Amino acid sequence: MPGVPEQLGPRKALLTQLWVENPVSRQVLGICSALAVTNRMFNTLLMCGGLIWATSMSALTLSLMRNWVPKRVRIMVSVLIAAVFVIVVDIVFRAYFTEVHKDIAAYVGLIITNCIVLGRMEAFSGKNPPLASLADGFGAGMGYSFMLMAVATVREVMGFGTVFGYPLLKGFMEAHQAQWVIMIMPPGAFFVLAILVWLVRWIDLKRAAAKAPAEPPAAPGARREQEAPK
Amino acid sequence: MRLDPNKNPAYVILFTALVSGLFTAGIMALHVATEPVVRANERLLTEKALVRVFALGDPSNMTAERIAETIRTRVAGLDPDRPDEPLIEIGSGDRKVRLLVAYKEPVAPGVKPDLKNKDNVLAYAFPIRGVGFWAMINGWLAVTPDGTKTVGVVFTDHQETPGLGGRITESEFRDQFRGKNVTAPPPGEKFIDISRTGEGDRHVDAITGATGTSTAVEKFINADLMRFRAAATKAGLIQEGKE
């Protein structure tokens, strides 16, 4: 039917969010937290866990309610649902990971306004069945996490010479590695993220070029016409 | 007759109120259910901080019960409900300072400390707080009973950059505060000098790449030390003396 988008199954929805429509590299969403939390891999991992939970559960909940939500309050309901699941993360961290909570409390609050959560609810969960919405939300969270962990790995290794706080090549790194401060500061994330986004898109272009059928050789006259304006 | 959610204003209002109420109730229930755990964990964090600042042991090798017992029998003046507002006050007016007292040997819990008798006193600790590079930093600084040397420092709350200013909580930085000279400094100098270069018994190495945090910590630690010394001298707790 024209004008109605094709509904994705759970598997396709998951895979699309993981790579083809990756929230960070393709949709350029969630950049604020990508800059803020990625100088330590452990903090990034916790943030990613919180976001996967928030995107998955928000998507599932909105999808289950989608037939009863009035259109004029749908954004308010979406923000409310996202806030509830983020507050759950905050309460659980505060209760059971108190020391870690002190480090990442400010970032957890940021999930509520993370464009990915609201973006997927608005674009997908409000119009699709629960299982596909859950897969879409989970895929968006995983796609975001994949990119963030990649950024965090580069920044922590270059900035601290450690992986999850453990010294890399102990002894050698201490002797030869100087702390690259800019990698720890937010500007370091700009550089690493930009390079990663370029890399992902370059891979996509290469794959698309390899899949495209070879063009027939152009006639000599046509080639001359194309070159004439130069 | 089927109710159209998009055309009936009463439905919109009722739906919004119901959904808001239900979700809020759920969050409140979870909050209430985890409150005892949160309070216990926060109390344990405070107790760990005090064990560190008074050098009463290594909290990472102690059980929660052992930490609680150590604080209960060797530290006086702690208000469990408001740990950053100790019960012991010295000085008056603007010069009032609240402090905790740590003992060398265990004492009966709840005994009111006799500030004139220092035989069993290991150290005094007072809250330190000030604006860091990003936001407020809170902590404790402990000094010897004669007020001449530091015993330790801990930072309990901060929002500094992880890996940079956030390293104020790491032992490499904190351990430098053991045994520093905090007698009244010569005019124009500081009790504690936190900088990249320097030496002596008042110097602490600043954190590389976190000059803003190091400067902020230096500023409020010196201000709090000055307040403590003024109040403690007036209360007869320490002798006034210059280097």
# chains A, B, ... in the order shown; residues from 1 in each chain; ligands from 1

call {"tool": "interface_residues", "arguments": {"of": "chain A", "to": "chain B", "cutoff": "7 Å", "atoms": "only C-alpha atoms", "output": "MDAnalysis selection string"}}
result
chainID A and resid 68:71 84 91 94:95 98 181 184

call {"tool": "select_by_dssp", "arguments": {"residues": "segment 15-192 of chain B", "states": "strand (DSSP E)", "output": "ChimeraX atom specification"}}
result
/B:75-76,88-90,97-103,121-131,136-143,150-157

call {"tool": "residues_around", "arguments": {"residues": "Arg26 of chain A", "least_positions_apart": "2", "cutoff": "10 Å", "atoms": "only C-alpha atoms", "output": "PDB file with N, CA and C atoms, in the first residue's frame"}}
result
ATOM      1  N   GLN A  17      19.302  -1.652  13.213  1.00  0.00           N
ATOM      2  CA  GLN A  17      19.796  -0.690  14.200  1.00  0.00           C
ATOM      3  C   GLN A  17      21.256  -0.929  14.567  1.00  0.00           C
ATOM      4  N   TRP A  19      23.774  -1.910  12.574  1.00  0.00           N
ATOM      5  CA  TRP A  19      24.783  -1.419  11.628  1.00  0.00           C
ATOM      6  C   TRP A  19      24.204  -0.457  10.589  1.00  0.00           C
ATOM      7  N   VAL A  20      23.197  -0.940   9.816  1.00  0.00           N
ATOM      8  CA  VAL A  20      22.722  -0.152   8.663  1.00  0.00           C
ATOM      9  C   VAL A  20      22.242   1.232   9.096  1.00  0.00           C
ATOM     10  N   GLU A  21      21.462   1.281  10.169  1.00  0.00           N
ATOM     11  CA  GLU A  21      20.967   2.571  10.682  1.00  0.00           C
ATOM     12  C   GLU A  21      21.529   2.824  12.075  1.00  0.00           C
ATOM     13  N   ASN A  22      22.788   2.510  12.267  1.00  0.00           N
ATOM     14  CA  ASN A  22      23.395   2.674  13.596  1.00  0.00           C
ATOM     15  C   ASN A  22      23.114   4.078  14.148  1.00  0.00           C
ATOM     16  N   PRO A  23      22.584   4.169  15.396  1.00  0.00           N
ATOM     17  CA  PRO A  23      22.178   5.485  15.922  1.00  0.00           C
ATOM     18  C   PRO A  23      23.308   6.514  15.930  1.00  0.00           C
ATOM     19  N   VAL A  24      24.522   6.067  16.204  1.00  0.00           N
ATOM     20  CA  VAL A  24      25.629   7.024  16.307  1.00  0.00           C
ATOM     21  C   VAL A  24      26.248   7.303  14.943  1.00  0.00           C
ATOM     22  N   VAL A  28      23.575   9.857  13.743  1.00  0.00           N
ATOM     23  CA  VAL A  28      24.254  10.880  14.543  1.00  0.00           C
ATOM     24  C   VAL A  28      23.384  11.314  15.735  1.00  0.00           C
ATOM     25  N   LEU A  29      22.944  10.329  16.495  1.00  0.00           N
ATOM     26  CA  LEU A  29      22.161  10.584  17.721  1.00  0.00           C
ATOM     27  C   LEU A  29      23.004  10.166  18.937  1.00  0.00           C
ATOM     28  N   VAL A 197      33.219   7.362  12.668  1.00  0.00           N
ATOM     29  CA  VAL A 197      32.070   7.553  11.781  1.00  0.00           C
ATOM     30  C   VAL A 197      32.530   7.515  10.321  1.00  0.00           C
ATOM     31  N   VAL A 200      33.293   3.833   9.409  1.00  0.00           N
ATOM     32  CA  VAL A 200      32.081   3.027   9.198  1.00  0.00           C
ATOM     33  C   VAL A 200      31.447   3.364   7.846  1.00  0.00           C
ATOM     34  N   ARG A 201      31.374   4.634   7.534  1.00  0.00           N
ATOM     35  CA  ARG A 201      30.737   5.040   6.271  1.00  0.00           C
ATOM     36  C   ARG A 201      31.609   4.634   5.077  1.00  0.00           C
TER      37      ARG A 201
END

call {"tool": "closest_residue", "arguments": {"among": "A:Glu156, A:Glu122, A:Asp90, A:Asp136", "to": "Tyr107 of chain A", "atoms": "only C-alpha atoms"}}
result
A:Asp90

call {"tool": "residues_around", "arguments": {"residues": "Arg98 of chain B", "least_positions_apart": "6", "cutoff": "12 Å", "atoms": "only C-alpha atoms", "output": "number ranges by chain"}}
result
B: 76-79, 83-92, 124-128, 140-141, 224, 227-228, 231-232

call {"tool": "closest_residue", "arguments": {"among": "A:Met142, A:Val77, A:Val108, A:Val100", "to": "Thr16 of chain A", "atoms": "only C-alpha atoms"}}
result
A:Met142

call {"tool": "residues_around", "arguments": {"residues": "segment 158-170 of chain A", "least_positions_apart": "5", "cutoff": "6 Å", "atoms": "only C-alpha atoms", "output": "NGL selection string"}}
result
:A and (41-42 or 179-181 or 183-184)

call {"tool": "write_last_selection", "arguments": {"atoms": "N, CA and C atoms", "output": "PDB file, in the first residue's frame"}}
result
ATOM      1  N   MET A  41      36.463   3.024  30.061  1.00  0.00           N
ATOM      2  CA  MET A  41      35.661   1.935  29.488  1.00  0.00           C
ATOM      3  C   MET A  41      34.614   1.406  30.469  1.00  0.00           C
ATOM      4  N   PHE A  42      34.967   1.377  31.761  1.00  0.00           N
ATOM      5  CA  PHE A  42      34.013   0.828  32.732  1.00  0.00           C
ATOM      6  C   PHE A  42      32.781   1.724  32.851  1.00  0.00           C
ATOM      7  N   GLN A 179      50.888  10.259  29.262  1.00  0.00           N
ATOM      8  CA  GLN A 179      49.435  10.443  29.270  1.00  0.00           C
ATOM      9  C   GLN A 179      49.049  11.479  28.206  1.00  0.00           C
ATOM     10  N   TRP A 180      48.204  11.053  27.273  1.00  0.00           N
ATOM     11  CA  TRP A 180      47.778  11.929  26.197  1.00  0.00           C
ATOM     12  C   TRP A 180      46.491  12.604  26.675  1.00  0.00           C
ATOM     13  N   VAL A 181      46.677  13.759  27.331  1.00  0.00           N
ATOM     14  CA  VAL A 181      45.576  14.367  28.079  1.00  0.00           C
ATOM     15  C   VAL A 181      44.362  14.668  27.210  1.00  0.00           C
ATOM     16  N   MET A 183      43.028  13.069  24.942  1.00  0.00           N
ATOM     17  CA  MET A 183      42.171  11.889  24.756  1.00  0.00           C
ATOM     18  C   MET A 183      41.221  11.706  25.946  1.00  0.00           C
ATOM     19  N   ILE A 184      41.631  12.195  27.109  1.00  0.00           N
ATOM     20  CA  ILE A 184      40.784  12.055  28.298  1.00  0.00           C
ATOM     21  C   ILE A 184      39.741  13.163  28.336  1.00  0.00           C
TER      22      ILE A 184
END

call {"tool": "atom_distance", "arguments": {"atom1": "atom CA of Cys32 of chain A", "atom2": "atom CA of Asn114 of chain A"}}
result
8.2 Å

call {"tool": "residues_around", "arguments": {"residues": "Asp193 of chain B", "least_positions_apart": "3", "cutoff": "12 Å", "atoms": "only C-alpha atoms", "output": "PDB file with C-alpha atoms, in the first residue's frame"}}
result
ATOM      1  CA  GLN B 176      50.660  12.655  49.922  1.00  0.00           C
ATOM      2  CA  PHE B 177      48.614  14.291  52.674  1.00  0.00           C
ATOM      3  CA  LYS B 180      52.327  17.328  56.133  1.00  0.00           C
ATOM      4  CA  ASN B 181      53.275  20.308  58.278  1.00  0.00           C
ATOM      5  CA  VAL B 182      50.172  22.396  59.041  1.00  0.00           C
ATOM      6  CA  PRO B 185      52.901  29.225  57.806  1.00  0.00           C
ATOM      7  CA  GLY B 188      52.446  35.070  52.414  1.00  0.00           C
ATOM      8  CA  GLU B 189      52.759  31.285  52.352  1.00  0.00           C
ATOM      9  CA  LYS B 190      50.164  28.522  52.532  1.00  0.00           C
ATOM     10  CA  ARG B 196      53.595  20.798  39.858  1.00  0.00           C
ATOM     11  CA  THR B 197      56.930  21.932  41.234  1.00  0.00           C
ATOM     12  CA  GLY B 198      58.082  22.416  44.761  1.00  0.00           C
ATOM     13  CA  GLU B 199      59.300  20.456  47.729  1.00  0.00           C
ATOM     14  CA  GLY B 200      59.285  20.435  51.469  1.00  0.00           C
ATOM     15  CA  ASP B 201      56.920  19.266  54.180  1.00  0.00           C
ATOM     16  CA  ARG B 202      54.078  21.492  52.983  1.00  0.00           C
ATOM     17  CA  HIS B 203      54.209  20.472  49.322  1.00  0.00           C
ATOM     18  CA  VAL B 204      51.806  18.099  47.528  1.00  0.00           C
ATOM     19  CA  ASP B 205      52.245  17.194  43.842  1.00  0.00           C
ATOM     20  CA  ALA B 206      49.357  18.486  41.721  1.00  0.00           C
ATOM     21  CA  SER B 214      44.379  20.951  42.084  1.00  0.00           C
ATOM     22  CA  THR B 215      44.200  24.729  42.507  1.00  0.00           C
ATOM     23  CA  ALA B 216      40.604  24.528  43.763  1.00  0.00           C
ATOM     24  CA  VAL B 217      41.500  21.817  46.304  1.00  0.00           C
ATOM     25  CA  GLU B 218      44.493  23.844  47.498  1.00  0.00           C
ATOM     26  CA  LYS B 219      42.297  26.911  47.950  1.00  0.00           C
ATOM     27  CA  PHE B 220      39.569  25.342  50.061  1.00  0.00           C
ATOM     28  CA  ILE B 221      41.880  23.065  52.085  1.00  0.00           C
ATOM     29  CA  ASN B 222      43.941  26.101  53.131  1.00  0.00           C
TER      30      ASN B 222
END

call {"tool": "closest_residue", "arguments": {"among": "A:Arg155, A:Arg40, A:Arg11, A:Arg120", "to": "Ala82 of chain A", "atoms": "only C-alpha atoms"}}
result
A:Arg120

call {"tool": "atom_distance", "arguments": {"atom1": "atom CA of Met149 of chain A", "atom2": "atom CA of Met47 of chain A"}}
result
10.2 Å

call {"tool": "residues_around", "arguments": {"residues": "segment 46-63 of chain B", "least_positions_apart": "6", "cutoff": "6 Å", "atoms": "only C-alpha atoms", "output": "number ranges by chain"}}
result
B: 152-154

call {"tool": "atom_distance", "arguments": {"atom1": "atom CA of Ser78 of chain A", "atom2": "atom CA of Leu60 of chain A"}}
result
11.3 Å

call {"tool": "decode", "arguments": {"residues": "segment 52-174 of chain B", "atoms": "C-alpha atoms", "output": "PDB file, in the first residue's frame"}}
result
ATOM      1  CA  ARG B  52      40.815   6.028  55.545  1.00  0.00           C
ATOM      2  CA  VAL B  53      41.147   9.594  56.809  1.00  0.00           C
ATOM      3  CA  PHE B  54      42.087   8.483  60.345  1.00  0.00           C
ATOM      4  CA  ALA B  55      44.277   5.653  58.977  1.00  0.00           C
ATOM      5  CA  LEU B  56      42.443   3.136  61.166  1.00  0.00           C
ATOM      6  CA  GLY B  57      42.943   0.344  58.629  1.00  0.00           C
ATOM      7  CA  ASP B  58      42.469  -0.553  54.986  1.00  0.00           C
ATOM      8  CA  PRO B  59      38.703  -0.623  54.362  1.00  0.00           C
ATOM      9  CA  SER B  60      39.154  -2.662  51.175  1.00  0.00           C
ATOM     10  CA  ASN B  61      40.350  -5.549  53.366  1.00  0.00           C
ATOM     11  CA  MET B  62      37.716  -5.117  56.087  1.00  0.00           C
ATOM     12  CA  THR B  63      34.170  -6.447  56.261  1.00  0.00           C
ATOM     13  CA  ALA B  64      31.255  -4.021  56.579  1.00  0.00           C
ATOM     14  CA  GLU B  65      30.708  -5.209  60.178  1.00  0.00           C
ATOM     15  CA  ARG B  66      34.359  -4.664  61.072  1.00  0.00           C
ATOM     16  CA  ILE B  67      34.301  -1.163  59.565  1.00  0.00           C
ATOM     17  CA  ALA B  68      31.118  -0.285  61.481  1.00  0.00           C
ATOM     18  CA  GLU B  69      32.581  -1.654  64.730  1.00  0.00           C
ATOM     19  CA  THR B  70      35.830   0.302  64.229  1.00  0.00           C
ATOM     20  CA  ILE B  71      33.915   3.558  63.726  1.00  0.00           C
ATOM     21  CA  ARG B  72      31.550   2.826  66.620  1.00  0.00           C
ATOM     22  CA  THR B  73      34.345   2.236  69.156  1.00  0.00           C
ATOM     23  CA  ARG B  74      37.123   4.504  67.914  1.00  0.00           C
ATOM     24  CA  VAL B  75      35.431   7.593  66.490  1.00  0.00           C
ATOM     25  CA  ALA B  76      33.307  10.072  68.454  1.00  0.00           C
ATOM     26  CA  GLY B  77      31.029  12.824  67.193  1.00  0.00           C
ATOM     27  CA  LEU B  78      29.505  11.143  64.138  1.00  0.00           C
ATOM     28  CA  ASP B  79      25.810  11.752  63.521  1.00  0.00           C
ATOM     29  CA  PRO B  80      24.640   8.722  61.489  1.00  0.00           C
ATOM     30  CA  ASP B  81      21.786  10.684  59.910  1.00  0.00           C
ATOM     31  CA  ARG B  82      23.917  13.693  58.983  1.00  0.00           C
ATOM     32  CA  PRO B  83      27.465  12.398  58.652  1.00  0.00           C
ATOM     33  CA  ASP B  84      28.804  15.677  57.227  1.00  0.00           C
ATOM     34  CA  GLU B  85      27.615  17.586  60.323  1.00  0.00           C
ATOM     35  CA  PRO B  86      29.664  16.195  63.244  1.00  0.00           C
ATOM     36  CA  LEU B  87      28.204  16.593  66.732  1.00  0.00           C
ATOM     37  CA  ILE B  88      31.326  18.073  68.369  1.00  0.00           C
ATOM     38  CA  GLU B  89      31.598  21.852  68.000  1.00  0.00           C
ATOM     39  CA  ILE B  90      34.487  24.121  68.866  1.00  0.00           C
ATOM     40  CA  GLY B  91      34.787  27.891  68.569  1.00  0.00           C
ATOM     41  CA  SER B  92      31.872  30.267  68.258  1.00  0.00           C
ATOM     42  CA  GLY B  93      30.156  32.500  65.726  1.00  0.00           C
ATOM     43  CA  ASP B  94      31.934  32.603  62.382  1.00  0.00           C
ATOM     44  CA  ARG B  95      34.815  30.639  63.840  1.00  0.00           C
ATOM     45  CA  LYS B  96      32.709  27.616  64.757  1.00  0.00           C
ATOM     46  CA  VAL B  97      34.084  24.308  63.458  1.00  0.00           C
ATOM     47  CA  ARG B  98      32.554  20.852  63.790  1.00  0.00           C
ATOM     48  CA  LEU B  99      34.876  17.908  64.214  1.00  0.00           C
ATOM     49  CA  LEU B 100      35.255  14.200  64.851  1.00  0.00           C
ATOM     50  CA  VAL B 101      37.655  12.655  67.339  1.00  0.00           C
ATOM     51  CA  ALA B 102      39.465   9.362  66.707  1.00  0.00           C
ATOM     52  CA  TYR B 103      40.949   7.340  69.565  1.00  0.00           C
ATOM     53  CA  LYS B 104      44.080   5.223  69.747  1.00  0.00           C
ATOM     54  CA  GLU B 105      42.313   2.557  71.814  1.00  0.00           C
ATOM     55  CA  PRO B 106      38.618   1.638  71.629  1.00  0.00           C
ATOM     56  CA  VAL B 107      36.255   3.486  73.957  1.00  0.00           C
ATOM     57  CA  ALA B 108      32.696   2.745  75.024  1.00  0.00           C
ATOM     58  CA  PRO B 109      30.327   3.800  72.204  1.00  0.00           C
ATOM     59  CA  GLY B 110      28.361   6.981  72.906  1.00  0.00           C
ATOM     60  CA  VAL B 111      30.762   8.365  75.538  1.00  0.00           C
ATOM     61  CA  LYS B 112      30.993  12.147  75.360  1.00  0.00           C
ATOM     62  CA  PRO B 113      34.580  13.044  74.431  1.00  0.00           C
ATOM     63  CA  ASP B 114      36.661  15.061  76.881  1.00  0.00           C
ATOM     64  CA  LEU B 115      38.501  17.481  74.615  1.00  0.00           C
ATOM     65  CA  LYS B 116      40.889  18.519  77.424  1.00  0.00           C
ATOM     66  CA  ASN B 117      42.229  14.981  77.846  1.00  0.00           C
ATOM     67  CA  LYS B 118      44.280  14.043  74.798  1.00  0.00           C
ATOM     68  CA  ASP B 119      45.968  10.910  76.153  1.00  0.00           C
ATOM     69  CA  ASN B 120      43.900   8.536  74.039  1.00  0.00           C
ATOM     70  CA  VAL B 121      43.272  10.921  71.114  1.00  0.00           C
ATOM     71  CA  LEU B 122      44.686   9.777  67.790  1.00  0.00           C
ATOM     72  CA  ALA B 123      43.483  12.642  65.575  1.00  0.00           C
ATOM     73  CA  TYR B 124      40.781  15.211  64.866  1.00  0.00           C
ATOM     74  CA  ALA B 125      38.968  15.381  61.521  1.00  0.00           C
ATOM     75  CA  PHE B 126      36.884  18.239  60.156  1.00  0.00           C
ATOM     76  CA  PRO B 127      34.805  18.537  56.975  1.00  0.00           C
ATOM     77  CA  ILE B 128      36.434  20.275  54.015  1.00  0.00           C
ATOM     78  CA  ARG B 129      34.387  21.632  51.164  1.00  0.00           C
ATOM     79  CA  GLY B 130      34.717  24.044  48.290  1.00  0.00           C
ATOM     80  CA  VAL B 131      34.038  24.634  44.640  1.00  0.00           C
ATOM     81  CA  GLY B 132      36.073  22.355  42.398  1.00  0.00           C
ATOM     82  CA  PHE B 133      36.649  22.695  38.663  1.00  0.00           C
ATOM     83  CA  TRP B 134      33.042  21.679  37.850  1.00  0.00           C
ATOM     84  CA  ALA B 135      31.051  21.558  41.090  1.00  0.00           C
ATOM     85  CA  MET B 136      31.297  21.269  44.883  1.00  0.00           C
ATOM     86  CA  ILE B 137      33.863  18.929  46.388  1.00  0.00           C
ATOM     87  CA  ASN B 138      33.279  17.520  49.900  1.00  0.00           C
ATOM     88  CA  GLY B 139      35.653  15.596  52.096  1.00  0.00           C
ATOM     89  CA  TRP B 140      37.460  15.271  55.418  1.00  0.00           C
ATOM     90  CA  LEU B 141      40.897  16.317  56.621  1.00  0.00           C
ATOM     91  CA  ALA B 142      42.431  14.782  59.746  1.00  0.00           C
ATOM     92  CA  VAL B 143      45.197  16.334  61.847  1.00  0.00           C
ATOM     93  CA  THR B 144      47.217  15.173  64.846  1.00  0.00           C
ATOM     94  CA  PRO B 145      45.993  16.155  68.366  1.00  0.00           C
ATOM     95  CA  ASP B 146      48.560  18.955  68.598  1.00  0.00           C
ATOM     96  CA  GLY B 147      47.402  20.290  65.214  1.00  0.00           C
ATOM     97  CA  THR B 148      50.862  20.296  63.684  1.00  0.00           C
ATOM     98  CA  LYS B 149      50.659  17.484  61.102  1.00  0.00           C
ATOM     99  CA  THR B 150      48.055  16.058  58.766  1.00  0.00           C
ATOM    100  CA  VAL B 151      46.954  12.464  59.272  1.00  0.00           C
ATOM    101  CA  GLY B 152      45.040  12.049  56.023  1.00  0.00           C
ATOM    102  CA  VAL B 153      42.489  13.389  53.581  1.00  0.00           C
ATOM    103  CA  VAL B 154      39.498  11.903  51.755  1.00  0.00           C
ATOM    104  CA  PHE B 155      37.143  13.347  49.160  1.00  0.00           C
ATOM    105  CA  THR B 156      33.648  11.937  49.453  1.00  0.00           C
ATOM    106  CA  ASP B 157      31.673  13.863  46.802  1.00  0.00           C
ATOM    107  CA  HIS B 158      32.823  15.500  43.594  1.00  0.00           C
ATOM    108  CA  GLN B 159      31.894  15.940  39.940  1.00  0.00           C
ATOM    109  CA  GLU B 160      35.441  16.328  38.578  1.00  0.00           C
ATOM    110  CA  THR B 161      36.462  14.843  35.218  1.00  0.00           C
ATOM    111  CA  PRO B 162      36.983  11.082  35.568  1.00  0.00           C
ATOM    112  CA  GLY B 163      40.647  10.294  35.005  1.00  0.00           C
ATOM    113  CA  LEU B 164      41.765  13.892  35.526  1.00  0.00           C
ATOM    114  CA  GLY B 165      40.401  15.919  38.446  1.00  0.00           C
ATOM    115  CA  GLY B 166      38.545  12.778  39.539  1.00  0.00           C
ATOM    116  CA  ARG B 167      41.914  11.340  40.570  1.00  0.00           C
ATOM    117  CA  ILE B 168      41.746  13.322  43.831  1.00  0.00           C
ATOM    118  CA  THR B 169      40.085  10.205  45.264  1.00  0.00           C
ATOM    119  CA  GLU B 170      42.983   7.926  44.271  1.00  0.00           C
ATOM    120  CA  SER B 171      45.498   6.859  46.892  1.00  0.00           C
ATOM    121  CA  GLU B 172      48.444   8.273  44.888  1.00  0.00           C
ATOM    122  CA  PHE B 173      47.106  11.774  45.511  1.00  0.00           C
ATOM    123  CA  ARG B 174      45.559  11.232  48.950  1.00  0.00           C
TER     124      ARG B 174
END
